[in-house]
>>> print(open('my_file_33.cif').read())   # mmCIF, C-alpha atoms
data_data
loop_
_atom_site.label_atom_id
_atom_site.label_comp_id
_atom_site.auth_asym_id
_atom_site.auth_seq_id
_atom_site.Cartn_x
_atom_site.Cartn_y
_atom_site.Cartn_z
CA MET R 1 0.00 0.00 0.00
CA LYS R 2 1.60 3.27 -1.11
CA ILE R 3 1.53 6.20 1.29
CA ALA R 4 2.71 9.80 0.97
CA LEU R 5 4.22 12.13 3.57
CA ALA R 6 4.15 15.92 3.29
CA GLN R 7 7.18 17.54 4.91
CA THR R 8 6.27 21.20 5.29
CA THR R 9 7.50 24.55 6.57
CA SER R 10 4.16 25.83 7.82
CA GLY R 11 3.77 29.54 8.43
CA ILE R 12 1.53 32.02 10.20
CA ASP R 13 -1.18 32.29 7.49
CA PRO R 14 -3.73 29.44 7.59
CA ALA R 15 -5.00 30.24 4.09
CA ALA R 16 -1.51 29.89 2.62
CA ASN R 17 -0.93 26.66 4.54
CA ALA R 18 -4.28 25.36 3.28
CA ARG R 19 -3.27 26.00 -0.33
CA SER R 20 -0.01 24.11 0.18
CA LEU R 21 -1.83 21.15 1.72
CA VAL R 22 -4.40 21.04 -1.09
CA ASP R 23 -1.52 20.92 -3.58
CA ALA R 24 0.07 18.10 -1.57
CA VAL R 25 -3.18 16.12 -1.61
CA ALA R 26 -3.42 16.46 -5.40
CA GLU R 27 0.24 15.50 -5.88
CA ALA R 28 0.00 12.45 -3.62
CA ALA R 29 -3.17 11.23 -5.31
CA ALA R 30 -1.65 11.68 -8.77
CA ALA R 31 1.31 9.58 -7.67
CA GLY R 32 -1.01 6.73 -6.68
CA ALA R 33 -0.83 7.09 -2.90
CA THR R 34 -3.72 5.66 -0.90
CA MET R 35 -3.16 7.99 2.05
CA LEU R 36 -1.31 11.25 2.74
CA PHE R 37 0.18 12.10 6.14
CA THR R 38 0.92 15.71 7.18
CA PRO R 39 2.87 17.12 10.17
CA GLU R 40 1.83 18.49 13.52
CA MET R 41 0.45 22.05 13.30
CA SER R 42 -0.17 21.79 9.56
CA GLY R 43 -2.56 24.73 9.57
CA LEU R 44 -0.68 27.29 11.65
CA LEU R 45 2.78 27.40 13.22
CA ASP R 46 3.05 30.60 15.23
CA ARG R 47 4.49 30.94 18.73
CA ASP R 48 3.23 34.55 18.93
CA ARG R 49 0.00 33.65 20.69
CA ALA R 50 -1.44 37.15 20.52
CA ARG R 51 -1.04 37.19 16.74
CA ALA R 52 -2.25 33.61 16.37
CA SER R 53 -5.39 34.33 18.39
CA ALA R 54 -6.70 36.46 15.53
CA VAL R 55 -7.02 33.43 13.24
CA LEU R 56 -7.61 30.53 15.64
CA CYS R 57 -11.13 29.11 15.51
CA SER R 58 -13.23 26.01 16.15
CA GLU R 59 -12.85 23.02 13.85
CA GLU R 60 -16.23 23.84 12.29
CA ASP R 61 -14.80 27.15 11.03
CA ASP R 62 -11.26 26.01 10.27
CA VAL R 63 -10.31 26.89 6.68
CA VAL R 64 -7.49 24.34 6.57
CA LEU R 65 -9.69 21.45 7.66
CA ALA R 66 -12.39 22.43 5.18
CA ALA R 67 -9.89 22.74 2.32
CA VAL R 68 -8.26 19.38 3.01
CA ARG R 69 -11.61 17.63 3.34
CA GLY R 70 -12.64 19.03 -0.03
CA ALA R 71 -9.36 18.01 -1.66
CA ALA R 72 -9.56 14.48 -0.21
CA ALA R 73 -13.03 14.04 -1.68
CA GLU R 74 -12.02 15.55 -5.03
CA HIS R 75 -8.93 13.38 -5.43
CA ARG R 76 -10.31 10.27 -3.70
CA ILE R 77 -7.51 9.87 -1.17
CA TRP R 78 -7.40 9.44 2.60
CA VAL R 79 -5.56 12.12 4.59
CA HIS R 80 -4.17 12.16 8.10
CA ILE R 81 -3.81 15.80 9.18
CA GLY R 82 -1.05 15.52 11.78
CA SER R 83 -2.71 18.24 13.82
CA LEU R 84 -4.43 21.61 13.80
CA ALA R 85 -4.76 24.09 16.65
CA VAL R 86 -8.50 24.46 17.24
CA LEU R 87 -10.53 26.20 19.90
CA SER R 88 -11.76 23.79 22.52
CA GLY R 89 -13.79 24.10 25.68
CA GLY R 90 -12.72 26.00 28.77
CA GLY R 91 -11.02 28.80 26.88
CA LYS R 92 -8.13 26.62 25.71
CA LEU R 93 -7.00 25.07 22.45
CA ALA R 94 -6.74 21.46 21.39
CA ASN R 95 -3.78 20.13 19.40
CA ARG R 96 -6.02 17.87 17.30
CA ALA R 97 -5.30 15.28 14.62
CA PHE R 98 -7.87 14.32 12.00
CA VAL R 99 -8.26 11.23 9.82
CA ILE R 100 -10.25 12.07 6.69
CA ASP R 101 -11.50 9.44 4.26
CA ASP R 102 -11.71 9.61 0.48
CA THR R 103 -15.20 11.14 0.61
CA GLY R 104 -14.01 14.01 2.81
CA ALA R 105 -15.65 12.61 5.96
CA ILE R 106 -13.83 12.80 9.29
CA ARG R 107 -13.28 9.24 10.49
CA ALA R 108 -11.37 10.02 13.70
CA ARG R 109 -10.06 12.82 15.91
CA TYR R 110 -7.27 12.68 18.46
CA ASP R 111 -6.18 15.39 20.91
CA LYS R 112 -2.52 15.31 21.97
CA LEU R 113 -2.24 13.65 25.38
CA HIS R 114 1.17 14.85 26.53
CA LEU R 115 1.97 18.57 26.57
CA PHE R 116 5.51 19.92 26.19
CA ASP R 117 6.49 22.30 28.99
CA VAL R 118 10.25 22.89 29.16
CA ASP R 119 13.10 25.39 29.30
CA LEU R 120 15.86 24.37 26.88
CA PRO R 121 19.60 25.10 27.16
CA THR R 122 19.30 27.04 23.88
CA GLY R 123 17.16 29.62 25.68
CA GLU R 124 13.95 28.40 24.08
CA SER R 125 11.01 28.04 26.46
CA TRP R 126 7.83 26.11 25.67
CA ARG R 127 4.63 26.03 27.70
CA GLU R 128 2.04 24.11 25.72
CA SER R 129 -0.14 23.75 28.80
CA ALA R 130 -0.56 27.54 28.97
CA ALA R 131 -2.65 27.46 25.80
CA TYR R 132 -3.63 23.83 25.23
CA ALA R 133 -5.77 21.32 27.07
CA PRO R 134 -4.54 17.70 26.96
CA GLY R 135 -6.53 14.96 25.32
CA GLU R 136 -8.30 12.34 27.37
CA GLY R 137 -7.94 9.10 25.42
CA ALA R 138 -6.06 7.07 22.83
CA VAL R 139 -7.49 6.39 19.35
CA VAL R 140 -7.13 3.60 16.78
CA VAL R 141 -8.97 4.01 13.47
CA GLN R 142 -9.40 1.59 10.59
CA THR R 143 -7.90 2.90 7.33
CA PRO R 144 -6.92 1.39 3.97
CA VAL R 145 -3.31 1.13 5.20
CA GLY R 146 -4.30 -0.74 8.36
CA ALA R 147 -5.40 -0.03 11.91
CA LEU R 148 -3.87 3.39 12.54
CA GLY R 149 -2.86 4.41 16.07
CA LEU R 150 -2.83 8.17 16.57
CA SER R 151 -0.33 10.28 18.51
CA ILE R 152 1.38 13.66 18.19
CA CYS R 153 5.02 14.75 18.65
CA TYR R 154 5.87 14.75 22.39
CA ASP R 155 3.68 11.65 22.82
CA LEU R 156 6.61 9.84 21.18
CA ARG R 157 8.45 9.76 24.50
CA PHE R 158 5.74 7.81 26.34
CA ALA R 159 6.04 4.15 25.44
CA ASP R 160 2.93 3.15 27.38
CA LEU R 161 0.76 5.00 24.84
CA TYR R 162 2.10 2.85 21.99
CA ARG R 163 1.72 -0.29 24.08
CA ALA R 164 -1.97 0.63 24.48
CA LEU R 165 -2.36 1.37 20.77
CA SER R 166 -0.77 -1.89 19.63
CA ASN R 167 -2.73 -3.83 22.27
CA ALA R 168 -5.84 -2.33 20.68
CA GLY R 169 -4.81 -3.64 17.25
CA ALA R 170 -2.79 -0.82 15.71
CA THR R 171 -0.42 -1.98 12.97
CA VAL R 172 0.60 1.52 11.84
CA LEU R 173 1.53 4.33 14.26
CA ALA R 174 1.18 7.95 13.16
CA ILE R 175 3.60 10.30 14.96
CA PRO R 176 3.40 13.72 13.26
CA ALA R 177 5.73 16.30 14.75
CA ALA R 178 7.34 19.72 14.83
CA PHE R 179 10.56 18.68 16.59
CA THR R 180 13.18 21.22 17.57
CA ARG R 181 16.60 20.73 16.00
CA PRO R 182 18.57 19.91 19.17
CA THR R 183 16.13 17.24 20.36
CA GLY R 184 15.64 16.01 16.80
CA ALA R 185 19.34 15.44 16.27
CA ALA R 186 19.64 13.67 19.61
CA HIS R 187 16.50 11.54 19.82
CA TRP R 188 14.31 11.55 16.68
CA HIS R 189 15.59 8.50 14.85
CA VAL R 190 16.26 6.31 17.87
CA LEU R 191 12.84 6.92 19.44
CA MET R 192 10.97 6.35 16.18
CA ARG R 193 12.81 3.08 15.63
CA ALA R 194 12.16 2.04 19.24
CA ARG R 195 8.41 2.65 18.94
CA ALA R 196 8.26 0.59 15.72
CA ILE R 197 10.24 -2.29 17.24
CA GLU R 198 8.30 -2.37 20.52
CA ALA R 199 4.95 -2.45 18.73
CA GLY R 200 5.91 -4.59 15.75
CA ALA R 201 4.30 -1.86 13.66
CA TYR R 202 5.07 0.67 10.99
CA VAL R 203 5.78 4.20 12.21
CA VAL R 204 4.78 7.07 9.91
CA ALA R 205 6.19 10.39 11.12
CA ALA R 206 5.47 13.43 8.95
CA ALA R 207 7.45 16.40 10.23
CA GLN R 208 7.83 20.14 9.99
CA THR R 209 11.17 21.34 8.63
CA GLY R 210 13.25 24.46 8.10
CA GLU R 211 13.08 28.09 9.18
CA HIS R 212 9.55 29.24 10.00
CA GLU R 213 7.93 32.67 9.82
CA ASP R 214 7.60 32.81 13.60
CA GLY R 215 11.35 32.40 14.04
CA ARG R 216 11.56 28.79 15.10
CA ALA R 217 13.56 26.10 13.31
CA THR R 218 12.38 22.50 13.01
CA TYR R 219 14.29 19.30 12.39
CA GLY R 220 12.54 17.66 9.42
CA HIS R 221 13.57 14.07 8.63
CA SER R 222 10.05 12.76 8.11
CA LEU R 223 10.34 9.01 8.55
CA VAL R 224 8.72 5.72 7.74
CA VAL R 225 10.10 2.90 9.88
CA ASP R 226 9.12 -0.73 9.37
CA PRO R 227 8.26 -3.16 12.20
CA TRP R 228 11.83 -4.50 12.33
CA GLY R 229 13.12 -0.98 12.96
CA ASP R 230 14.50 -0.46 9.46
CA ILE R 231 14.13 3.08 8.08
CA VAL R 232 12.42 2.83 4.70
CA LEU R 233 12.06 6.60 4.16
CA ASP R 234 14.02 9.55 5.57
CA MET R 235 13.16 12.84 3.88
CA GLY R 236 16.12 14.80 5.23
CA ALA R 237 15.73 18.55 5.68
CA ALA R 238 14.03 19.62 2.42
CA ALA R 239 10.31 20.34 2.23
CA GLY R 240 8.36 18.19 -0.21
CA ILE R 241 6.45 14.93 -0.68
CA GLY R 242 7.91 11.51 0.05
CA TYR R 243 6.55 8.03 -0.62
CA ALA R 244 6.80 4.61 0.99
CA GLU R 245 5.05 1.24 1.00
CA ILE R 246 3.15 -0.29 3.91
CA ASP R 247 3.34 -4.10 3.63
CA PRO R 248 0.97 -6.07 5.90
CA ALA R 249 3.06 -9.21 5.28
CA ARG R 250 6.06 -7.47 6.86
CA ILE R 251 4.05 -6.82 10.01
CA ALA R 252 2.92 -10.44 10.23
CA ASP R 253 6.45 -11.73 9.64
CA VAL R 254 8.05 -9.55 12.33
CA ARG R 255 5.33 -10.27 14.87
CA ALA R 256 5.73 -14.00 14.26
CA ARG R 257 9.50 -13.83 14.79
CA VAL R 258 9.35 -11.57 17.86
CA PRO R 259 5.88 -12.05 19.42
CA VAL R 260 6.17 -9.30 22.02
CA ILE R 261 2.50 -8.35 21.87
CA ALA R 262 1.40 -11.91 22.65
CA HIS R 263 3.93 -12.09 25.51
CA ARG R 264 2.98 -8.85 27.24
CA ARG R 265 1.91 -9.09 30.85
CA ALA R 266 0.29 -6.65 33.20
CA ILE R 267 3.04 -5.04 35.26
CA PRO R 268 2.64 -5.90 38.96
CA ASP R 269 3.23 -3.39 41.73
CA VAL R 270 6.88 -2.44 42.12
CA THR R 271 8.60 -3.62 45.27
CA LEU R 272 11.05 -1.15 46.74
CA ALA R 273 13.76 -3.25 48.37
#
>>> encode(input="my_file_33.cif", output="structure tokens")
Amino acid sequence: MKIALAQTTSGIDPAANARSLVDAVAEAAAAGATMLFTPEMSGLLDRDRARASAVLCSEEDDVVLAAVRGAAAEHRIWVHIGSLAVLSGGGKLANRAFVIDDTGAIRARYDKLHLFDVDLPTGESWRESAAYAPGEGAVVVQTPVGALGLSICYDLRFADLYRALSNAGATVLAIPAAFTRPTGAAHWHVLMRARAIEAGAYVVAAAQTGEHEDGRATYGHSLVVDPWGDIVLDMGAAAGIGYAEIDPARIADVRARVPVIAHRRAIPDVTLA
């Protein structure tokens, strides 16, 4: 099953980002892809929250979501929007992923569970929890490429989420991201490979890349990793569309050779000796 990944340098104008995503949908469909995956914050990447507040809205009014749904229906392709920032309840935002089918219908939503609050040695400071509310549950959705387990960026560091997703039947794990360059260089590849190996599943990680309008820089290197941990696609630092194959037989073969899912046990209470 052929999939496409859009590696983007999203900016501060949702309308411009929407046009880029619509073009990516058309290009992926023309290349014969069954499903397109986009990065975290595909619709708006702006750390100036006062400026961003002028264009943030509910999902019902989101121009990017509407444009991608229309393009998916027009070109008859499934799309995983890695995430959009949408207004949620309680005066906060949700960092929300969407799975859209080839009729433009929304098949699943997932709100990022783990929020990134940190002060980095580079001087960068991130407080996602100041603006975003965390999600409340994990999601697996049936797609043409398999049972797709949803997650977003910082979720990558929490192995118990992927254990839950693969226990629930996920054979493909979506991990869209906007990784910083220092953490990307240190941890991106090894963590993606670990998640694939632990779950005996494909990992599809569409990423932001390059220098953004808001001043941040992201790592890129959108990846597809197979269940054995082999990297079958690494898009490097350039924006564009990449392609890979999802092979169900590969999943079955790896899980037969290393049956970790079948051997999992509930972890008993820890004894402190």
>>> resolve_selection(input="my_file_33.cif", expression="the PyMOL selection byres ((chain R and resi 9) around 6)", output="VMD selection string")
chain R and resid 8 10 208 to 210
>>> closest_atom_pairs(input="my_file_33.cif", of="segment 144-205 of chain R", to="segment 220-227 of chain R", cutoff="8 Å", atoms="all atoms listed in the file", output="Markdown table")
| residue | atom | partner | partner_atom | distance |
| --- | --- | --- | --- | --- |
| R:Ala178 | CA | R:Gly220 | CA | 7.8 |
| R:Phe179 | CA | R:Gly220 | CA | 7.5 |
| R:Met192 | CA | R:Val225 | CA | 7.2 |
| R:Arg193 | CA | R:Val225 | CA | 6.4 |
| R:Ala196 | CA | R:Pro227 | CA | 5.1 |
| R:Ile197 | CA | R:Pro227 | CA | 5.5 |
| R:Ala199 | CA | R:Pro227 | CA | 7.4 |
| R:Gly200 | CA | R:Pro227 | CA | 4.5 |
| R:Ala201 | CA | R:Pro227 | CA | 4.4 |
| R:Tyr202 | CA | R:Asp226 | CA | 4.6 |
| R:Val203 | CA | R:Val225 | CA | 5.1 |
| R:Val204 | CA | R:Val224 | CA | 4.7 |
| R:Ala205 | CA | R:Leu223 | CA | 5.1 |
>>> closest_residue(input="my_file_33.cif", among="R:Arg157, R:Gln142, R:Ala71, R:Arg216", to="Trp126 of chain R", atoms="all atoms listed in the file")
R:Arg216
>>> closest_residue(input="my_file_33.cif", among="R:Ala217, R:Arg265, R:Ile77, R:Ala273", to="Ala30 of chain R", atoms="all atoms listed in the file")
R:Ile77
>>> resolve_selection(input="my_file_33.cif", expression="the PyMOL selection byres ((chain R and resi 166) around 9)", output="list of chain:residue names")
R:Val140, R:Gly149, R:Leu161, R:Tyr162, R:Arg163, R:Ala164, R:Leu165, R:Asn167, R:Ala168, R:Gly169, R:Ala170, R:Thr171, R:Val172, R:Leu173, R:Ala199, R:Gly200, R:Ala201, R:Ile261
>>> atom_distance(input="my_file_33.cif", atom1="atom CA of Asp117 of chain R", atom2="atom CA of Gly215 of chain R")
18.7 Å
>>> residues_around(input="my_file_33.cif", residues="Arg96 of chain R", least_positions_apart="3", cutoff="8 Å", atoms="all atoms listed in the file", output="list in words")
Gly82, Ser83, Leu84, Ala85, Val86, Arg109, Tyr110, Asp111 and Lys112 of chain R
>>> resolve_selection(input="my_file_33.cif", expression="the PyMOL selection byres ((chain R and resi 90) around 12)", output="ChimeraX atom specification")
/R:87-89,91-94,131-134
>>> atom_distance(input="my_file_33.cif", atom1="atom CA of Pro176 of chain R", atom2="atom CA of Glu27 of chain R")
19.5 Å
>>> residues_around(input="my_file_33.cif", residues="His114 of chain R", least_positions_apart="5", cutoff="9 Å", atoms="all atoms listed in the file", output="PyMOL selection string")
chain R and resi 134-135+152-155+158
>>> write_last_selection(input="my_file_33.cif", atoms="C-alpha atoms", output="PDB file, keeping the file's coordinate frame")
ATOM      1  CA  PRO R 134      -4.540  17.700  26.960  1.00  0.00           C
ATOM      2  CA  GLY R 135      -6.530  14.960  25.320  1.00  0.00           C
ATOM      3  CA  ILE R 152       1.380  13.660  18.190  1.00  0.00           C
ATOM      4  CA  CYS R 153       5.020  14.750  18.650  1.00  0.00           C
ATOM      5  CA  TYR R 154       5.870  14.750  22.390  1.00  0.00           C
ATOM      6  CA  ASP R 155       3.680  11.650  22.820  1.00  0.00           C
ATOM      7  CA  PHE R 158       5.740   7.810  26.340  1.00  0.00           C
TER       8      PHE R 158
END
>>> axis_aligned_box(input="my_file_33.cif", around="segment 10-29 of chain R", padding_each_side="3 Å", output="lines of an AutoDock Vina configuration file")
center_x = -0.4
center_y = 21.8
center_z = 2.2
size_x = 15.2
size_y = 27.1
size_z = 22.1
>>> closest_residue(input="my_file_33.cif", among="R:Ile106, R:Leu156, R:Ile175, R:Leu65", to="Pro39 of chain R", atoms="only C-alpha atoms")
R:Ile175
>>> closest_residue(input="my_file_33.cif", among="R:Val68, R:Ala207, R:Ala108, R:Val139", to="Ala6 of chain R", atoms="all atoms listed in the file")
R:Ala207
>>> build_atoms(input="my_file_33.cif", residues="segment 197-214 of chain R", atoms="N, CA and C atoms", output="short mmCIF file (atom, residue, chain, number, x, y, z; two decimals), in the coordinates of the input")
data_model
loop_
_atom_site.label_atom_id
_atom_site.label_comp_id
_atom_site.auth_asym_id
_atom_site.auth_seq_id
_atom_site.Cartn_x
_atom_site.Cartn_y
_atom_site.Cartn_z
N ILE R 197 9.80 -0.98 16.79
CA ILE R 197 10.24 -2.29 17.24
C ILE R 197 9.38 -2.81 18.38
N GLU R 198 9.10 -1.95 19.36
CA GLU R 198 8.30 -2.37 20.52
C GLU R 198 6.91 -2.83 20.12
N ALA R 199 6.33 -2.15 19.12
CA ALA R 199 4.95 -2.45 18.73
C ALA R 199 4.85 -3.44 17.58
N GLY R 200 5.97 -3.76 16.95
CA GLY R 200 5.91 -4.59 15.75
C GLY R 200 5.02 -3.95 14.70
N ALA R 201 5.19 -2.63 14.53
CA ALA R 201 4.30 -1.86 13.66
C ALA R 201 5.10 -0.88 12.83
N TYR R 202 4.48 -0.43 11.74
CA TYR R 202 5.07 0.67 10.99
C TYR R 202 4.89 1.97 11.78
N VAL R 203 5.88 2.83 11.71
CA VAL R 203 5.78 4.20 12.21
C VAL R 203 5.80 5.14 11.01
N VAL R 204 4.84 6.05 10.96
CA VAL R 204 4.78 7.07 9.91
C VAL R 204 4.85 8.42 10.62
N ALA R 205 5.94 9.15 10.39
CA ALA R 205 6.19 10.39 11.12
C ALA R 205 6.43 11.54 10.14
N ALA R 206 5.36 12.24 9.79
CA ALA R 206 5.47 13.43 8.95
C ALA R 206 5.87 14.61 9.82
N ALA R 207 6.85 15.40 9.36
CA ALA R 207 7.45 16.40 10.23
C ALA R 207 7.52 17.77 9.57
N GLN R 208 7.51 18.79 10.42
CA GLN R 208 7.83 20.14 9.99
C GLN R 208 9.35 20.25 9.79
N THR R 209 9.75 21.18 8.89
CA THR R 209 11.17 21.34 8.63
C THR R 209 11.50 22.79 8.29
N GLY R 210 12.74 23.20 8.59
CA GLY R 210 13.25 24.46 8.10
C GLY R 210 13.03 25.64 9.03
N GLU R 211 13.21 26.83 8.46
CA GLU R 211 13.08 28.09 9.18
C GLU R 211 11.67 28.63 8.98
N HIS R 212 10.95 28.84 10.07
CA HIS R 212 9.55 29.24 10.00
C HIS R 212 9.37 30.74 10.19
N GLU R 213 8.22 31.23 9.73
CA GLU R 213 7.93 32.67 9.82
C GLU R 213 7.96 33.19 11.25
N ASP R 214 7.64 32.34 12.20
CA ASP R 214 7.60 32.81 13.60
C ASP R 214 8.97 32.78 14.26
#
